[in-house]
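*Asks:* Contents are compact mmCIF, C-alpha atoms and all ligand atoms; file name start.txt:
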# COMPACT_ATOMS: atom_id res chain seq x y z
CA MET A 1 9.24 -20.64 14.14
CA LYS A 2 12.14 -21.43 11.81
CA ASP A 3 12.38 -20.71 8.06
CA GLY A 4 8.77 -19.65 8.01
CA ARG A 5 7.58 -23.03 9.31
CA TYR A 6 4.78 -23.58 11.79
CA GLY A 7 5.28 -27.24 12.64
CA GLU A 8 5.02 -28.96 9.27
CA PHE A 9 3.12 -26.03 7.72
CA GLY A 10 4.14 -22.80 6.01
CA GLY A 11 7.33 -22.53 3.97
CA GLN A 12 7.98 -21.02 0.56
CA TYR A 13 6.64 -22.95 -2.43
CA SER A 14 7.21 -20.37 -5.12
CA PRO A 15 8.59 -20.15 -8.63
CA GLU A 16 12.24 -19.17 -8.96
CA THR A 17 11.34 -15.63 -10.13
CA LEU A 18 9.65 -14.92 -6.80
CA MET A 19 12.28 -16.38 -4.49
CA TYR A 20 14.46 -13.30 -4.85
CA ALA A 21 11.52 -10.95 -4.29
CA LEU A 22 10.48 -12.88 -1.19
CA SER A 23 13.94 -12.73 0.30
CA GLU A 24 14.19 -9.01 -0.53
CA LEU A 25 10.84 -8.54 1.22
CA GLU A 26 11.98 -10.47 4.27
CA THR A 27 15.20 -8.44 4.55
CA ALA A 28 13.30 -5.16 4.23
CA TYR A 29 10.78 -6.29 6.82
CA ARG A 30 13.42 -7.38 9.38
CA GLU A 31 15.11 -4.00 9.00
CA ALA A 32 11.84 -2.08 9.22
CA VAL A 33 10.74 -3.67 12.49
CA LYS A 34 14.09 -2.75 14.03
CA ASP A 35 13.69 0.88 12.93
CA PRO A 36 11.83 2.95 15.56
CA THR A 37 10.75 5.51 12.94
CA PHE A 38 8.93 2.76 11.00
CA ASP A 39 7.03 1.64 14.08
CA ALA A 40 6.25 5.23 15.07
CA GLU A 41 4.82 5.99 11.62
CA TYR A 42 2.77 2.76 11.63
CA ARG A 43 1.37 3.56 15.10
CA ARG A 44 0.59 7.13 14.05
CA LEU A 45 -1.38 5.91 11.02
CA LEU A 46 -3.27 3.35 13.11
CA ARG A 47 -4.24 6.08 15.54
CA GLU A 48 -4.87 9.08 13.30
CA TYR A 49 -5.99 7.43 10.07
CA ALA A 50 -7.54 4.09 11.01
CA GLY A 51 -8.99 5.38 14.29
CA ARG A 52 -7.36 2.97 16.77
CA PRO A 53 -7.39 1.75 19.42
CA SER A 54 -10.70 0.10 18.62
CA LEU A 55 -13.19 -0.15 21.48
CA LEU A 56 -13.57 -3.17 23.73
CA TYR A 57 -17.27 -3.02 24.42
CA LEU A 58 -19.07 -4.90 27.19
CA ALA A 59 -22.20 -6.18 25.45
CA GLU A 60 -24.48 -6.01 28.48
CA ARG A 61 -27.73 -6.99 26.81
CA VAL A 62 -26.18 -9.98 25.08
CA SER A 63 -24.45 -10.95 28.33
CA ALA A 64 -27.71 -10.76 30.28
CA ASP A 65 -29.58 -12.68 27.62
CA LEU A 66 -27.00 -15.47 27.34
CA ASN A 67 -26.11 -15.48 31.06
CA THR A 68 -22.45 -14.85 30.29
CA THR A 69 -20.03 -11.93 30.19
CA VAL A 70 -19.07 -11.04 26.65
CA TYR A 71 -16.99 -8.20 25.26
CA LEU A 72 -16.91 -7.22 21.60
CA LYS A 73 -13.63 -6.10 20.04
CA ARG A 74 -14.89 -3.44 17.65
CA GLU A 75 -12.73 -3.73 14.51
CA ASP A 76 -15.87 -2.65 12.64
CA LEU A 77 -15.18 0.91 13.81
CA ASN A 78 -11.92 1.21 11.87
CA HIS A 79 -11.67 3.37 8.75
CA THR A 80 -12.95 1.27 5.78
CA GLY A 81 -15.01 -0.77 8.21
CA ALA A 82 -12.89 -3.78 9.08
CA HIS A 83 -9.58 -5.06 10.44
CA LYS A 84 -8.01 -5.22 6.97
CA ILE A 85 -6.71 -1.64 7.16
CA ASN A 86 -4.31 -2.61 10.03
CA ASN A 87 -2.38 -4.92 7.72
CA VAL A 88 -2.64 -2.78 4.61
CA LEU A 89 -1.18 0.31 6.29
CA GLY A 90 1.79 -1.73 7.50
CA GLN A 91 2.46 -3.30 4.09
CA ILE A 92 2.09 0.02 2.24
CA LEU A 93 4.64 1.61 4.58
CA LEU A 94 6.94 -1.29 3.76
CA ALA A 95 6.36 -0.75 0.02
CA VAL A 96 7.24 2.93 0.34
CA ARG A 97 10.33 2.06 2.35
CA MET A 98 11.43 -0.37 -0.37
CA GLY A 99 11.00 2.36 -2.99
CA LYS A 100 8.18 0.59 -4.84
CA LYS A 101 5.90 2.85 -6.88
CA ARG A 102 3.17 0.37 -7.60
CA VAL A 103 1.14 -2.01 -5.42
CA ILE A 104 -1.04 -4.91 -6.46
CA ALA A 105 -3.57 -6.91 -4.46
CA GLU A 106 -6.03 -9.76 -4.82
CA THR A 107 -9.55 -9.36 -3.57
CA GLY A 108 -12.62 -11.55 -3.16
CA ALA A 109 -15.61 -9.49 -2.13
CA GLY A 110 -13.56 -6.34 -2.54
CA GLN A 111 -12.83 -5.56 1.11
CA HIS A 112 -9.06 -6.04 0.87
CA GLY A 113 -9.02 -4.35 -2.54
CA VAL A 114 -10.78 -1.31 -1.12
CA ALA A 115 -8.42 -1.15 1.88
CA THR A 116 -5.39 -1.40 -0.42
CA ALA A 117 -6.75 1.21 -2.84
CA THR A 118 -7.40 3.47 0.17
CA ALA A 119 -3.83 3.24 1.47
CA ALA A 120 -2.38 3.54 -2.05
CA ALA A 121 -4.33 6.79 -2.49
CA LEU A 122 -2.99 8.02 0.84
CA PHE A 123 0.59 7.45 -0.32
CA GLY A 124 0.16 8.35 -3.99
CA LEU A 125 1.07 4.87 -5.25
CA SER A 126 -0.44 3.32 -8.35
CA CYS A 127 -2.67 0.38 -7.50
CA ASP A 128 -3.90 -2.60 -9.53
CA VAL A 129 -6.39 -5.00 -7.99
CA PHE A 130 -7.11 -8.50 -9.31
CA MET A 131 -10.65 -9.71 -8.77
CA GLY A 132 -12.45 -12.78 -10.09
CA ILE A 133 -14.91 -11.84 -12.81
CA GLU A 134 -17.75 -13.48 -10.92
CA ASP A 135 -16.92 -11.35 -7.88
CA THR A 136 -16.76 -8.14 -9.95
CA ARG A 137 -20.37 -8.83 -10.94
CA ARG A 138 -21.53 -9.71 -7.43
CA GLN A 139 -19.68 -6.77 -5.85
CA SER A 140 -19.96 -4.04 -8.47
CA LEU A 141 -20.24 -1.34 -5.80
CA ASN A 142 -16.80 -2.25 -4.43
CA VAL A 143 -15.37 -2.20 -7.97
CA TYR A 144 -16.59 1.39 -8.33
CA ARG A 145 -15.31 2.23 -4.84
CA MET A 146 -11.80 1.05 -5.79
CA GLU A 147 -11.97 3.06 -9.02
CA LEU A 148 -13.05 6.16 -7.08
CA LEU A 149 -9.94 5.67 -4.95
CA GLY A 150 -7.82 5.68 -8.09
CA ALA A 151 -7.17 1.94 -8.44
CA GLN A 152 -7.54 -0.12 -11.58
CA VAL A 153 -9.53 -3.33 -11.21
CA HIS A 154 -8.64 -6.30 -13.42
CA PRO A 155 -11.34 -8.98 -13.75
CA VAL A 156 -9.84 -12.50 -13.71
CA THR A 157 -11.61 -14.99 -15.96
CA ASP A 158 -9.67 -18.15 -15.03
CA GLY A 159 -11.18 -21.02 -13.08
CA THR A 160 -14.33 -20.12 -11.18
CA GLY A 161 -13.61 -16.39 -11.44
CA THR A 162 -13.40 -16.00 -7.67
CA LEU A 163 -10.86 -15.27 -4.91
CA LYS A 164 -8.51 -18.22 -5.45
CA ASP A 165 -8.16 -17.33 -9.14
CA ALA A 166 -7.60 -13.66 -8.32
CA THR A 167 -4.84 -14.67 -5.86
CA SER A 168 -3.14 -16.87 -8.46
CA GLU A 169 -3.27 -14.03 -11.01
CA ALA A 170 -1.89 -11.47 -8.52
CA MET A 171 1.04 -13.84 -7.84
CA ARG A 172 1.67 -14.23 -11.59
CA GLU A 173 1.55 -10.46 -12.06
CA TRP A 174 4.01 -10.01 -9.20
CA SER A 175 6.49 -12.41 -10.81
CA ARG A 176 6.15 -10.45 -14.09
CA ARG A 177 7.00 -7.11 -12.46
CA VAL A 178 8.90 -7.73 -9.23
CA GLU A 179 11.23 -4.73 -9.70
CA ASP A 180 8.70 -1.93 -9.27
CA THR A 181 5.78 -3.81 -7.71
CA PHE A 182 4.87 -4.65 -4.11
CA TYR A 183 2.27 -7.38 -3.59
CA VAL A 184 -0.02 -6.46 -0.69
CA ILE A 185 -1.46 -9.79 0.44
CA GLY A 186 -4.77 -9.71 2.31
CA SER A 187 -4.52 -12.46 4.92
CA VAL A 188 -2.08 -14.69 6.83
CA VAL A 189 -1.56 -16.84 3.75
CA GLY A 190 0.93 -17.28 0.91
CA PRO A 191 4.66 -18.01 0.98
CA HIS A 192 6.89 -16.98 3.89
CA PRO A 193 7.32 -14.22 5.05
CA TYR A 194 3.72 -13.11 4.30
CA PRO A 195 1.89 -15.11 7.00
CA GLU A 196 4.28 -13.69 9.60
CA ILE A 197 4.13 -10.10 8.32
CA VAL A 198 0.34 -10.02 8.17
CA ARG A 199 0.05 -11.59 11.62
CA ASP A 200 2.46 -9.03 13.06
CA PHE A 201 0.45 -6.16 11.57
CA GLN A 202 -2.81 -7.65 12.90
CA ARG A 203 -1.57 -8.53 16.40
CA VAL A 204 -2.54 -5.02 17.47
CA ILE A 205 -6.05 -6.50 17.89
CA GLY A 206 -4.91 -9.03 20.50
CA ASP A 207 -2.43 -6.66 22.12
CA GLU A 208 -5.22 -4.15 22.74
CA ILE A 209 -7.56 -6.86 24.08
CA ARG A 210 -4.88 -8.02 26.48
CA ALA A 211 -4.04 -4.54 27.80
CA GLU A 212 -7.69 -3.58 28.20
CA MET A 213 -8.71 -6.81 29.98
CA LEU A 214 -5.79 -6.46 32.38
CA ARG A 215 -6.78 -2.86 33.06
CA LEU A 216 -10.45 -3.72 33.60
CA HIS A 217 -10.16 -7.03 35.44
CA GLY A 218 -6.52 -7.54 36.34
CA ARG A 219 -6.63 -10.88 34.53
CA LEU A 220 -6.71 -12.37 31.07
CA PRO A 221 -9.95 -13.36 29.33
CA ASP A 222 -11.09 -17.00 29.50
CA ALA A 223 -11.78 -17.33 25.80
CA LEU A 224 -11.39 -15.48 22.51
CA PHE A 225 -13.65 -16.04 19.50
CA ALA A 226 -12.95 -14.91 15.93
CA CYS A 227 -14.02 -15.91 12.44
CA VAL A 228 -11.50 -17.46 10.04
CA GLY A 229 -11.29 -17.01 6.30
CA GLY A 230 -7.58 -16.90 5.53
CA GLY A 231 -7.31 -16.23 9.25
CA SER A 232 -5.86 -12.73 9.72
CA ASN A 233 -8.32 -11.23 12.22
CA ALA A 234 -8.27 -14.49 14.20
CA MET A 235 -4.46 -14.72 14.14
CA GLY A 236 -4.23 -11.07 15.24
CA THR A 237 -6.66 -11.82 18.07
CA PHE A 238 -5.02 -15.09 19.18
CA PHE A 239 -1.31 -14.41 18.74
CA PRO A 240 -0.52 -12.43 21.92
CA PHE A 241 -2.22 -15.20 23.95
CA LEU A 242 -0.57 -18.29 22.43
CA ASN A 243 1.50 -18.95 25.54
CA ASP A 244 -1.36 -18.31 27.98
CA LYS A 245 -2.71 -21.84 28.29
CA GLY A 246 -5.71 -20.67 30.32
CA VAL A 247 -7.08 -18.66 27.40
CA ARG A 248 -9.16 -20.73 24.98
CA LEU A 249 -8.69 -19.70 21.34
CA ILE A 250 -11.74 -20.51 19.24
CA GLY A 251 -12.17 -19.97 15.50
CA ALA A 252 -15.38 -20.08 13.46
CA GLU A 253 -15.08 -21.28 9.87
CA ALA A 254 -17.70 -21.10 7.16
CA GLY A 255 -19.99 -24.12 7.30
CA GLY A 256 -22.11 -22.75 4.43
CA GLU A 257 -25.12 -24.98 3.80
CA GLY A 258 -23.65 -27.68 6.05
CA ILE A 259 -20.40 -29.65 6.08
CA ASP A 260 -22.16 -32.77 4.83
CA THR A 261 -22.96 -30.94 1.59
CA ASP A 262 -20.30 -29.74 -0.86
CA ARG A 263 -21.43 -26.13 -0.27
CA HIS A 264 -19.13 -24.88 2.49
CA ALA A 265 -15.63 -23.47 3.13
CA ALA A 266 -14.75 -25.42 6.30
CA SER A 267 -11.08 -25.93 5.39
CA LEU A 268 -9.90 -27.27 8.76
CA THR A 269 -12.89 -29.45 9.57
CA LYS A 270 -12.99 -31.10 6.14
CA GLY A 271 -9.63 -30.34 4.52
CA THR A 272 -6.34 -32.19 4.09
CA THR A 273 -2.69 -31.18 3.97
CA GLY A 274 -1.47 -29.79 0.67
CA VAL A 275 0.52 -27.08 -1.09
CA PHE A 276 -1.18 -24.12 -2.80
CA HIS A 277 -0.56 -20.39 -3.18
CA GLY A 278 3.04 -20.80 -2.06
CA MET A 279 2.39 -22.44 1.31
CA LYS A 280 1.92 -25.84 2.90
CA SER A 281 -1.32 -25.81 4.81
CA ILE A 282 -4.74 -27.46 5.02
CA PHE A 283 -7.00 -27.15 1.98
CA LEU A 284 -10.30 -28.37 0.64
CA GLN A 285 -9.18 -30.52 -2.29
CA ASP A 286 -9.91 -33.79 -4.06
CA GLU A 287 -7.67 -36.88 -4.00
CA GLU A 288 -5.55 -35.52 -6.87
CA GLY A 289 -4.94 -32.27 -4.98
CA GLN A 290 -7.33 -30.24 -7.17
CA ILE A 291 -8.59 -27.36 -5.05
CA ALA A 292 -12.32 -27.75 -4.44
CA PRO A 293 -14.85 -25.03 -5.23
CA VAL A 294 -15.98 -23.43 -1.98
CA TYR A 295 -19.10 -21.65 -0.87
CA SER A 296 -20.20 -19.40 1.98
CA ILE A 297 -22.85 -16.72 2.33
CA SER A 298 -19.97 -14.55 3.50
CA ALA A 299 -17.57 -13.64 0.71
CA GLY A 300 -14.79 -12.92 3.20
CA LEU A 301 -14.71 -16.54 4.43
CA ASP A 302 -14.98 -18.06 0.96
CA TYR A 303 -11.39 -19.37 0.66
CA PRO A 304 -10.46 -23.07 0.16
CA GLY A 305 -7.54 -22.97 2.60
CA ILE A 306 -6.29 -21.32 5.77
CA GLY A 307 -3.06 -19.70 6.93
CA PRO A 308 -0.31 -22.16 7.93
CA GLU A 309 -0.08 -20.95 11.54
CA HIS A 310 -3.76 -21.79 12.05
CA ALA A 311 -3.18 -25.23 10.49
CA HIS A 312 -0.48 -25.73 13.11
CA LEU A 313 -2.62 -24.46 16.00
CA PHE A 314 -5.38 -26.78 14.83
CA ARG A 315 -3.16 -29.87 14.55
CA THR A 316 -1.52 -29.25 17.92
CA GLY A 317 -4.87 -28.52 19.56
CA ARG A 318 -3.82 -25.12 20.90
CA ALA A 319 -6.76 -23.52 19.12
CA GLU A 320 -10.17 -24.98 18.37
CA TYR A 321 -12.08 -24.49 15.13
CA TYR A 322 -15.72 -25.27 14.39
CA PRO A 323 -17.90 -24.75 11.32
CA VAL A 324 -20.87 -22.35 11.51
CA THR A 325 -23.63 -22.52 8.92
CA ASP A 326 -25.04 -19.66 6.86
CA GLU A 327 -28.30 -19.91 8.78
CA GLU A 328 -26.62 -19.70 12.20
CA ALA A 329 -24.56 -16.71 11.03
CA VAL A 330 -27.61 -14.90 9.66
CA CYS A 331 -29.45 -15.47 12.96
CA ALA A 332 -26.48 -14.00 14.87
CA PHE A 333 -26.37 -11.07 12.42
CA GLU A 334 -30.01 -10.29 13.20
CA TYR A 335 -29.57 -10.99 16.90
CA LEU A 336 -26.70 -8.54 17.44
CA SER A 337 -28.46 -5.89 15.39
CA ARG A 338 -31.56 -6.08 17.59
CA THR A 339 -29.85 -6.66 20.92
CA GLU A 340 -27.01 -4.13 20.83
CA GLY A 341 -27.77 -1.90 17.84
CA ILE A 342 -24.64 -3.16 16.08
CA ILE A 343 -24.94 -4.64 12.57
CA PRO A 344 -21.88 -6.90 12.25
CA ALA A 345 -20.21 -8.12 9.05
CA ILE A 346 -21.66 -11.51 8.15
CA GLU A 347 -18.12 -12.91 8.57
CA SER A 348 -18.00 -11.62 12.15
CA ALA A 349 -21.52 -12.96 12.77
CA HIS A 350 -20.00 -16.47 12.38
CA ALA A 351 -17.83 -15.83 15.47
CA LEU A 352 -20.77 -14.57 17.51
CA ALA A 353 -22.94 -17.48 16.35
CA LEU A 354 -20.29 -19.94 17.53
CA PHE A 355 -20.13 -18.26 20.93
CA ARG A 356 -23.92 -18.44 21.23
CA ARG A 357 -23.78 -22.16 20.48
CA MET A 358 -21.02 -22.72 23.08
CA LYS A 359 -22.24 -20.28 25.76
CA ASP A 360 -23.05 -22.99 28.32
CA GLN A 361 -19.34 -23.78 28.53
CA PHE A 362 -18.80 -20.38 30.18
CA SER A 363 -20.10 -19.09 33.50
CA PRO A 364 -21.11 -15.44 34.01
CA ASP A 365 -17.99 -14.76 36.09
CA GLN A 366 -15.79 -15.76 33.17
CA GLN A 367 -14.89 -13.24 30.49
CA VAL A 368 -15.17 -13.92 26.80
CA VAL A 369 -14.13 -11.65 23.93
CA VAL A 370 -15.61 -11.92 20.45
CA THR A 371 -13.75 -10.05 17.70
CA LEU A 372 -16.13 -8.20 15.40
CA SER A 373 -13.88 -8.12 12.34
CA GLY A 374 -16.05 -5.69 10.39
CA ARG A 375 -19.33 -3.85 10.00
CA GLY A 376 -22.33 -5.20 8.22
CA ASP A 377 -23.42 -2.39 5.90
CA LYS A 378 -21.96 -4.29 2.95
CA ASP A 379 -24.10 -7.33 3.78
CA VAL A 380 -27.49 -5.80 4.43
CA GLU A 381 -28.76 -6.32 0.89
CA ALA A 382 -27.52 -9.93 0.64
CA ILE A 383 -29.02 -10.89 4.00
CA GLY A 384 -32.28 -9.22 3.02
CA GLU A 385 -32.32 -11.35 -0.12
CA TYR A 386 -31.48 -14.48 1.91
CA ARG A 387 -34.51 -13.72 4.06
CA GLY A 388 -36.68 -13.14 0.99
CA ARG A 389 -37.09 -9.48 1.89
CA PHE A 390 -36.48 -8.09 -1.60
CA GLN A 391 -38.41 -10.65 -3.61
CA LYS A 392 -41.21 -9.19 -5.69
CA GLU A 393 -44.28 -8.99 -3.55
CA GLU A 394 -47.50 -10.36 -4.89
CA TYR A 395 -50.36 -7.93 -4.85
CA HIS A 396 -53.95 -9.03 -4.57
CA ASP A 397 -56.88 -6.77 -5.26
C1 LIG A 401 -11.79 -10.30 4.83
C2 LIG A 401 -12.63 -10.38 6.03
C3 LIG A 401 -12.61 -11.52 6.89
C4 LIG A 401 -11.81 -12.76 6.60
O1 LIG A 401 -10.44 -12.58 6.55
P1 LIG A 401 -9.44 -13.10 7.68
O2 LIG A 401 -8.11 -12.97 7.04
O3 LIG A 401 -9.81 -14.50 8.00
O4 LIG A 401 -9.60 -12.20 8.86
C5 LIG A 401 -13.37 -11.50 8.04
N1 LIG A 401 -14.15 -10.44 8.34
C6 LIG A 401 -14.22 -9.35 7.55
C7 LIG A 401 -15.11 -8.23 7.94
C8 LIG A 401 -13.46 -9.28 6.38
O5 LIG A 401 -13.54 -8.19 5.59
What is this file in structure tokens?
Ligand SMILES: *Cc1c(COP(=O)(O)O)cnc(C)c1O
*Replies:*
Amino acid sequence: MKDGRYGEFGGQYSPETLMYALSELETAYREAVKDPTFDAEYRRLLREYAGRPSLLYLAERVSADLNTTVYLKREDLNHTGAHKINNVLGQILLAVRMGKKRVIAETGAGQHGVATATAAALFGLSCDVFMGIEDTRRQSLNVYRMELLGAQVHPVTDGTGTLKDATSEAMREWSRRVEDTFYVIGSVVGPHPYPEIVRDFQRVIGDEIRAEMLRLHGRLPDALFACVGGGSNAMGTFFPFLNDKGVRLIGAEAGGEGIDTDRHAASLTKGTTGVFHGMKSIFLQDEEGQIAPVYSISAGLDYPGIGPEHAHLFRTGRAEYYPVTDEEAVCAFEYLSRTEGIIPAIESAHALALFRRMKDQFSPDQQVVVTLSGRGDKDVEAIGEYRGRFQKEEYHD
């Protein structure tokens, strides 16, 4: 990788006001990773605060049922319930190191906002979170959660009032107050050096998988599955294996109501090359480059683009990406709950659903790892509604 490029993707497409801030960030980051005290503090927080290493769990009942061998990488067991805390702790440490007193973040469903508010509370930083107004209504519990943690939530009324608008507003706010503000970005997206920084803070997922599989089996896994929104849990899972050609890297994107409808978020399957949010990547857009509205039952996968490194892995064929529909994901959500007693995030259920669909490509003596990016408590109500569980019952007498 050179100048933040992944093949033709990546780069820095930012207004002049942010170019200085981005280069200041890159310098601070390069120094931090060379400083053993930074790494030691990051590792200590991962262990003592986030609860790492996360478990690599042999799902025996699923394996028996599907006639395969499948391990689950349990990011759902982390503090705040998902992988997002890995990245947020790293970026907050960087903010503190740079002497910033205030952090800002964008959030869709609220997961990244909650993780950022959590880490800001831990370090006594002031925290402002930008959230589409539509999302503040749909996720009012997470708005309150962020407020409890001491953050201020700013509803964004532009556009469709969802994640892409919140991201644009967070970038504008950053350019207004670059001196005292650190922008904590939530996925492997945005202008260089963000995709690299977030990937480096998430690679702990793949590093742990690698060490544990070598310890258990003396060999690498045959395939890794992860869901992709912006792509941070997948990039963290895949990255340490990029040069191991024998390991298949497989991403599940949100197929929504089907990729032949306009209700999906399958950026790689249906998207085209473009520039948005400071990066060159693959986006769902019309012929004029207007970003398309996207949809998924899972708020965490509801983004019209994908990180530039994934775009590159997709174009070069090193990783494979397939869309998974809402219905398939909901079935996998129910399946894992009943089979293993683990209620996964609906995002993570996309990865498991894809593995179920592809299971015949793997024999029982091969090992497959599915990353469970988060826990499903946040989704129980929405899935219940999807299944008609909470509709008013009709009483007959
Ligand atoms: C945010 C989120 C995702 C999607 O983000 P990535 O950057 O693609 O990992 C997936 N799963 C969960 C549980 C999330 O909270």
*Asks:* Output, as JSON, the centre and edge lengths in Å (one decimal) of the axis-aligned box that contains all listed atoms of ligand LIG 401 (chain A) with 6 Å of margin on each side.
*Replies:*
{"center_x": -11.6, "center_y": -11.3, "center_z": 6.8, "size_x": 19.0, "size_y": 18.3, "size_z": 16.0}
*Asks:* May I have the residues within 7 Å of ligand LIG 401 (chain A), computed using only C-alpha atoms and all ligand atoms, as an mmCIF file with C-alpha atoms, in the frame of the given file?
*Replies:*
data_model
loop_
_atom_site.group_PDB
_atom_site.id
_atom_site.type_symbol
_atom_site.label_atom_id
_atom_site.label_comp_id
_atom_site.auth_asym_id
_atom_site.auth_seq_id
_atom_site.Cartn_x
_atom_site.Cartn_y
_atom_site.Cartn_z
ATOM 1 C CA ALA A 82 -12.890 -3.780 9.080
ATOM 2 C CA HIS A 83 -9.580 -5.060 10.440
ATOM 3 C CA LYS A 84 -8.010 -5.220 6.970
ATOM 4 C CA GLN A 111 -12.830 -5.560 1.110
ATOM 5 C CA HIS A 112 -9.060 -6.040 0.870
ATOM 6 C CA GLY A 186 -4.770 -9.710 2.310
ATOM 7 C CA SER A 187 -4.520 -12.460 4.920
ATOM 8 C CA VAL A 188 -2.080 -14.690 6.830
ATOM 9 C CA CYS A 227 -14.020 -15.910 12.440
ATOM 10 C CA VAL A 228 -11.500 -17.460 10.040
ATOM 11 C CA GLY A 229 -11.290 -17.010 6.300
ATOM 12 C CA GLY A 230 -7.580 -16.900 5.530
ATOM 13 C CA GLY A 231 -7.310 -16.230 9.250
ATOM 14 C CA SER A 232 -5.860 -12.730 9.720
ATOM 15 C CA ASN A 233 -8.320 -11.230 12.220
ATOM 16 C CA ALA A 234 -8.270 -14.490 14.200
ATOM 17 C CA GLY A 300 -14.790 -12.920 3.200
ATOM 18 C CA LEU A 301 -14.710 -16.540 4.430
ATOM 19 C CA ALA A 345 -20.210 -8.120 9.050
ATOM 20 C CA GLU A 347 -18.120 -12.910 8.570
ATOM 21 C CA SER A 348 -18.000 -11.620 12.150
ATOM 22 C CA SER A 373 -13.880 -8.120 12.340
ATOM 23 C CA GLY A 374 -16.050 -5.690 10.390
ATOM 24 C CA ARG A 375 -19.330 -3.850 10.000
#
*Asks:* Listing only residues of stretch 163-267 of chain A within 9 Å of stretch 47-64 of chain A, what is the closest atom pair and its distance in Å (to one decimal) for each, using only C-alpha atoms, sorted by chain and residue number ascending, as JSON lines?
*Replies:*
{"residue": "A:Val204", "atom": "CA", "partner": "A:Pro53", "partner_atom": "CA", "distance": 8.6}
{"residue": "A:Ile205", "atom": "CA", "partner": "A:Ser54", "partner_atom": "CA", "distance": 8.1}
{"residue": "A:Glu208", "atom": "CA", "partner": "A:Pro53", "partner_atom": "CA", "distance": 7.1}
{"residue": "A:Ile209", "atom": "CA", "partner": "A:Leu56", "partner_atom": "CA", "distance": 7.1}
{"residue": "A:Glu212", "atom": "CA", "partner": "A:Leu56", "partner_atom": "CA", "distance": 7.4}
{"residue": "A:Met213", "atom": "CA", "partner": "A:Leu56", "partner_atom": "CA", "distance": 8.7}
*Asks:* What gap, in Å, lies between atom CA of A:Gly255 and atom CA of A:Ile291?
*Replies:*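 The value is 17.1 Å.
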*Asks:* Between A:Ala382, A:Ile282, A:Met146, A:Ile346, which residue has the minimum interatomic distance to A:Val189, considering all atoms listed in the file?
*Replies:*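 Nearest candidate to A:Val189 out of A:Ala382, A:Ile282, A:Met146, A:Ile346: A:Ile282.
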*Asks:* Please measure the separation of atom CA of A:Val370 and atom CA of A:Ala223, giving the value in Å to one decimal.
*Replies:* 8.5 Å
*Asks:* Between atom CA of A:Phe9 and atom CA of A:Lys280, what is the distance, to one decimal in Å?
*Replies:*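 Between atom CA of A:Phe9 and atom CA of A:Lys280 the gap works out to 5.0 Å.
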*Asks:* For stretch 75-83 of chain A of the block above, can you save N, CA, C and O atoms as an mmCIF file, in the first residue's frame?
*Replies:*
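Output (part.cif):
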data_model
loop_
_atom_site.group_PDB
_atom_site.id
_atom_site.type_symbol
_atom_site.label_atom_id
_atom_site.label_comp_id
_atom_site.auth_asym_id
_atom_site.auth_seq_id
_atom_site.Cartn_x
_atom_site.Cartn_y
_atom_site.Cartn_z
ATOM 1 N N GLU A 75 -16.973 -11.960 19.091
ATOM 2 C CA GLU A 75 -16.852 -10.514 19.352
ATOM 3 C C GLU A 75 -18.068 -9.980 20.110
ATOM 4 O O GLU A 75 -18.029 -8.887 20.671
ATOM 5 N N ASP A 76 -19.140 -10.772 20.111
ATOM 6 C CA ASP A 76 -20.346 -10.362 20.862
ATOM 7 C C ASP A 76 -20.092 -10.313 22.372
ATOM 8 O O ASP A 76 -20.861 -9.698 23.103
ATOM 9 N N LEU A 77 -19.019 -10.939 22.820
ATOM 10 C CA LEU A 77 -18.753 -10.969 24.263
ATOM 11 C C LEU A 77 -17.974 -9.749 24.752
ATOM 12 O O LEU A 77 -17.773 -9.576 25.952
ATOM 13 N N ASN A 78 -17.543 -8.898 23.838
ATOM 14 C CA ASN A 78 -16.820 -7.692 24.258
ATOM 15 C C ASN A 78 -17.727 -6.724 25.015
ATOM 16 O O ASN A 78 -18.936 -6.679 24.776
ATOM 17 N N HIS A 79 -17.122 -5.898 25.859
ATOM 18 C CA HIS A 79 -17.844 -4.786 26.486
ATOM 19 C C HIS A 79 -18.513 -3.942 25.398
ATOM 20 O O HIS A 79 -17.886 -3.674 24.366
ATOM 21 N N THR A 80 -19.728 -3.552 25.599
ATOM 22 C CA THR A 80 -20.638 -2.851 24.667
ATOM 23 C C THR A 80 -21.149 -3.762 23.544
ATOM 24 O O THR A 80 -21.860 -3.302 22.661
ATOM 25 N N GLY A 81 -20.791 -5.038 23.590
ATOM 26 C CA GLY A 81 -21.508 -6.026 22.792
ATOM 27 C C GLY A 81 -21.135 -6.204 21.336
ATOM 28 O O GLY A 81 -21.874 -6.856 20.596
ATOM 29 N N ALA A 82 -20.008 -5.652 20.913
ATOM 30 C CA ALA A 82 -19.611 -5.840 19.520
ATOM 31 C C ALA A 82 -18.118 -5.553 19.356
ATOM 32 O O ALA A 82 -17.435 -5.189 20.318
ATOM 33 N N HIS A 83 -17.655 -5.711 18.115
ATOM 34 C CA HIS A 83 -16.237 -5.466 17.813
ATOM 35 C C HIS A 83 -15.882 -3.993 17.840
ATOM 36 O O HIS A 83 -14.708 -3.646 17.869
#
